[in-house]
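Below: one structure, written as structure tokens.
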Amino acid sequence: MASRAAQQGFFFRLHIDFSLLMGLIILIILGQVILYSASGENMALMQRQGIRLGIAFVVMITLAQISPDSIRRWSPIIFLAGLIMLIAVLLVGTKALGAQRWLNLGLFRFQPSEMMKLAVPMMLAWFLAREMIPPNKKRLLVAVIILMIPVLLIAKQPDLGTSLLVTSAGLFVIFMSGVSWKLILAFIIAGATFTIPMWFFLMRDYQRQRVLTMFNPESDPLGSGYHIIQSKIAIGSGGSFGKGWLNGTQSHLEFLPERHTDFIFSVFAEEFGFSGILVLLAIYLFIVLRGIYITTQAHGTFSRLLGASIVLTFLVYIFVNIGMVSGILPVVGVPLPLVSYGGTSIVTIMAGFGILMSIHTHRKMLAH
Amino acid sequence: MHERHRITDHFTELRIFYNRSIIAILLAFVLFSLLAYRLFYLQITNHEHFTTLSQNNRVSVQAIPPTRGIIYDRNGIILAENLPSYTLQVTPEQTTDIDQLIIQISELVEIRDIDIKKFKKEVRRKRRFEGIPLKFRLNDKEVAIISVNLHKLPGVKIQAELSRFYPFGTETSHVVGYVGRINEKELKTLSSTNYSGSTHTGKLGIERSYEEQLHGTVGFQKVETNVKSRVLRVLERENPIPGNDITLNLDIELQKLSTEAFAGKRGALVAIDPNTGHILSMLSMPNYNANLFVNGIDVKTYKALNTSWERPLFNRTVLGNYPPGSTIKPFMALAGLELNVIDQDHQIYCPGFYRLKGKAHKYRDWKKWGHGKTNINKSIVQSCDVFYYDLAFQLGIDRMHDFMTLFGFGEKSGIDILGERRGLMPSKKWKKEARNQVWYPGETVIAGIGQGYVLVTPLQLALATATLANGGIHYQPQLVKSIKTSATETIQIKPKIQRKVAINQNSNWQHVYQAMTDVIHSARGTARRLNKPELRYQIAGKTGTAQVFTVAQDAKYNEDELDERLKDHALFMAFAPVKHPRIAIAIVVENGGHGGAVAAPIAGQVIESYLSQFSDEELNSSPIKKPKVIKTNTEKETAIKAIEHVPEIRKTLQIKHREHEHG
């Protein structure tokens, strides 16, 4: 016990939360194991992912060193910079796969929308923490506008997954700031009253069809439904204990699309079965709960709001990704956090955890 | 005050936050439970369902086409076989620009437009990642050229497969027929399972009528495939059952000989073994090379074949309807004798024409000045027309019809290739039904010399000759001799008797045989040129000349003035040896002129060639079979009942075949 305390003290001085770090490391190891299988034992791809993870760790630890106060002060500037870059993307961005998401900065391509996943909650936390929470209606309106601008810009790229995550990150800040349930209810009713007439009067038949297919992919088995049908087959055929590592037929015979990115969970489910899934979900749950614990211990409204938003956005990542590959949510491009192959999301998520660690380890020991 | 506020505010804020945090924790648990429940539902509750789907996904069943049965002649010489051939295949999914690729290929080897057309049609039908044939039967040079350039041609491969080949494609085109690529119409009728791997099916002749025997049963292999349908490994394999080999009664040497003898002429020849009904030779001229059709004939060649006035694609042996002319006379004489209209000593005076009582119209004899006193023998040997005008008139058309039908005139022979015409043996009833007209006596008169409405196919004439030769046993003509249903079992197709002609008096038949023998072996016979001193046997026959062009009442038929196509058809029917008939033959040479001059020599050659395999003893020792006298009609009926029809045989064979599979 003593040594553990000492160890924790050691990590604490490095501004690192040991429990969170352990959870993340276990998750990443598990993620690498399944990525090896999902990528078809592609070592080059593993290497690239390794480098990204290394960068992500450096970013996390670096951010953990910066005090929440500095982060708070920089928030509006980062948000503004992000906004400008989002506009730049729309004007001069690089197109890929039918969407305009990247800024070509010569050496590397940069995705400003990814940055907004952190910049938006930072900005909103900064704004709401300037005065007492819960915010009054006027401030709430301003907060919603701050949120809507980047969301609309991202949705226009179009990038449904990211705009969804940015929206939820912002909404979590607003929710955690204690907006009354009455207002939340009003918001939901307003949303519904806006959606229903749009569905019946404004949308054309083909648009309605597209939305219906999104919610019921089986109706289009060769088009958009193909992915989800194959994914469900992969998950379902995994059974209790799975087909074994590297033995997933769905993934290795290439029936499963995007198996090392958005659909990596299906590979995991196919090869490790329901028991493997429970282990993975347990690790995720541990990280989420640890995150919530950190935010409850946090000092200052800004830290609490931002911290809670980061943790809950992480939860949304998990839920939306697993929900979509298992067929309970429509398919929007959301990766399985820290497991899916792909650079920017890993860095953003780890940056978020860096901020969490900073929040946890920079507490002034005066509050009781 | 300020401090207090701040502290109160701080606690308010904390309380609000903690409340929301509890909700957040609850949310986390709810969402995780939802996911766990969903995954439990997929992985535990519906595990079996998805396992099945996953199996279906990766395992696909592929058809392995069976090897087509080989067709042999009666002596085991191959008439249709499967030769390895190289096919140029293109997999569209592996190419970027298919049209560009085809242009590229056609710079290396010749690609016909029809190939491209068929290829594009196929592209829409085939499964993904399957090669589609673009050019069949590459020769060695083409294989080499493509192989060398293969690296420049993505998606192109050379596939070795079996292709149908007819070594005697020209000689046997109308009999053996050919296979061709399955067309859309056939796709609907053929078993989709059994033909799932097949590209070809029988189109004509034996290839078509024995398709079920020749095709065989498809095999399958279960293969593991990836999403692109690429085969990764074979999991299970059920071998195809090759098609049954078929042996024909046809003698290819005889067929080649008839073809040569017919060179430059149009017409048909059918030779039958009168003891069995087996078809020994069957030729329709001009013919064509069946190999042209196997992998798609090009439009130009097809058009040339199809529109030629010589009609090479027309199978004259079963489709050609010709007036039998004088070849009907032996049957007429027999009818007169057997029906007691005339006796063996019957004699008329032939003045060169015949006139019905009270009518002015003269029915001319071919011999302008007449044959004078003419008995049965002379009427056949010298082919007197007036004798038969008179006989026909005495018999009446309906009795003629009934008697001739016993020999198969006017009815389908039942030969085992599809599509034959029934010819025409007219009757009063027929004319009433078909044309709604009454029968005129004058029509009976000309029917007596095989003109007017009477039409026969060369096959019918040969079969009737066989029936006459063997003493009235009317067989069903058979091209197929045996079918090899497995490595150890061969089914012999038994001769099938359609009916036995009731015989009134045996000597009547002998009388006709003698007259027919004298056609060849007497000094004045119309086919006397066949009589050679070195013959080891006697031939019985009858010449015929069928009018194509009707000569006006007072005009004279002048051969030289007539257009080639309006010249008379030359006919000849014969059997030999007279003592023990082993071959019956009928020949039609279109616009050939006189039967004795043009048709008979071909028959002589074929008979000679066929009989050369028999010893003197076999040819002459056994006396002519005494035709059994059948008195009652019931016996005739049982004989008819005994007929086994070809389709039925095929059906039983098919059942047997299936039993083998299961056994």
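The way I read the labels, and the way they are meant: chains A, B, ... in the order of the structure tokens, residue 1 as the first residue of every chain, and ligand 1 as the first ligand shown, with later ones counted on from there.
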
Give me, as a VMD selection string, all polymer residues having an atom no more than 12 Å from segment 14-25 of chain A, counting only C-alpha atoms and skipping those fewer than 6 positions away in the same chain.
chain A and resid 4 to 8 31 to 32 53 to 54 56 to 58 60 to 68 279 to 294 311 337 to 339 346 349 to 350 352 to 363

Write down, as a ChimeraX atom specification, each residue of chain A that has any atom within 8 Å of an atom of chain B, counting only C-alpha atoms.
/A:132-134,175-178,232-240,249-250,253-255,273-274,278,281,285,288-289,292,296,301,304,308,312,315,319,322-323,326,328

Compile the contact shell of segment 148-161 of chain A as a VMD selection string: residues with an atom at most 8 Å away, counting only C-alpha atoms, same-chain residues fewer than 5 positions apart removed.
chain A and resid 83 86 to 87 90 99 to 101 113 116 120 166 to 167 332 to 334

Keeping only N, CA and C atoms, write those residues as a tab-separated table (two decimals), in the first residue's frame.
```
chain	number	residue	atom	x	y	z
A	83	LEU	N	-12.11	28.37	-35.44
A	83	LEU	CA	-13.20	28.87	-36.27
A	83	LEU	C	-12.67	29.39	-37.61
A	86	LEU	N	-11.73	26.57	-39.76
A	86	LEU	CA	-12.91	25.90	-40.33
A	86	LEU	C	-13.41	26.65	-41.57
A	87	ILE	N	-13.40	27.98	-41.47
A	87	ILE	CA	-13.82	28.77	-42.63
A	87	ILE	C	-12.83	28.57	-43.77
A	90	LEU	N	-13.44	25.45	-45.70
A	90	LEU	CA	-14.53	25.56	-46.67
A	90	LEU	C	-14.08	26.28	-47.93
A	99	ALA	N	-15.68	14.79	-49.17
A	99	ALA	CA	-15.86	15.79	-48.13
A	99	ALA	C	-14.62	16.68	-48.06
A	100	GLN	N	-14.86	17.90	-47.65
A	100	GLN	CA	-13.77	18.88	-47.60
A	100	GLN	C	-13.43	19.12	-46.14
A	101	ARG	N	-12.44	18.37	-45.64
A	101	ARG	CA	-12.19	18.39	-44.20
A	101	ARG	C	-10.78	18.84	-43.84
A	113	SER	N	-11.70	20.47	-37.80
A	113	SER	CA	-12.92	20.03	-37.11
A	113	SER	C	-12.57	19.15	-35.91
A	116	MET	N	-11.85	21.18	-32.95
A	116	MET	CA	-13.04	21.81	-32.36
A	116	MET	C	-13.71	20.92	-31.32
A	120	VAL	N	-14.44	23.73	-28.66
A	120	VAL	CA	-15.81	24.14	-28.38
A	120	VAL	C	-16.16	23.99	-26.90
A	166	VAL	N	-19.01	17.15	-31.69
A	166	VAL	CA	-18.81	18.53	-31.23
A	166	VAL	C	-20.09	19.04	-30.56
A	167	THR	N	-21.23	18.72	-31.19
A	167	THR	CA	-22.51	19.13	-30.60
A	167	THR	C	-22.66	18.55	-29.20
A	332	VAL	N	-22.87	6.60	-38.65
A	332	VAL	CA	-22.19	7.89	-38.82
A	332	VAL	C	-20.72	7.62	-38.53
A	333	GLY	N	-19.85	8.31	-39.17
A	333	GLY	CA	-18.43	7.99	-39.05
A	333	GLY	C	-17.82	8.34	-37.70
A	334	VAL	N	-18.07	7.49	-36.71
A	334	VAL	CA	-17.45	7.72	-35.40
A	334	VAL	C	-16.56	6.52	-35.09
```

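The residue set within 9 Å of segment 514-529 of chain B, counting only C-alpha atoms and dropping same-chain residues fewer than 3 places from it, reads Pro330, Ile376, Asn377, Lys378, Ser379, Ile380, Val381, Gln382, Ser383, Trp509, Gln510, His511, Lys532, Gln538, Ile539, Ala540, Gly541, Lys542, Thr543, Phe572, Ala574, Val578, Gly595, Gly596, Ala597, Ala600 and Pro601 of chain B.
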
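Going from atom CA of Val318 of chain B over to atom CA of Gly419 of chain B, you cover 7.4 Å.
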
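When the distance limit is 8 Å and only C-alpha atoms are what count, the residues near segment 288-303 of chain B, minus those fewer than 5 positions from it on the same chain, are Arg112, Ile114, Asp115, Phe136, Arg164, Phe165, Tyr166, Gly169, Thr170, Glu171, Thr172, Ser173, Gly177, Tyr178, Val179, Gly180, Arg181, Pro312 and Leu313 of chain B.
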
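Going from atom CA of Arg364 of chain B over to atom CA of Gly450 of chain B, you cover 13.9 Å.
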
Nearest to Leu35 of chain A among A:Phe187, A:Tyr317, A:Phe265, A:Phe272, with distances taken over only C-alpha atoms: which residue is it?
A:Phe265

Å distance separating atom CA of Asp416 of chain B from atom CA of Thr276 of chain B, one decimal place
14.2 Å

So which residues of segment 107-182 of chain A fall under helix (DSSP H, G or I) by DSSP, listed as a ChimeraX atom specification?
/A:112-129,137-155,160-176,181-182
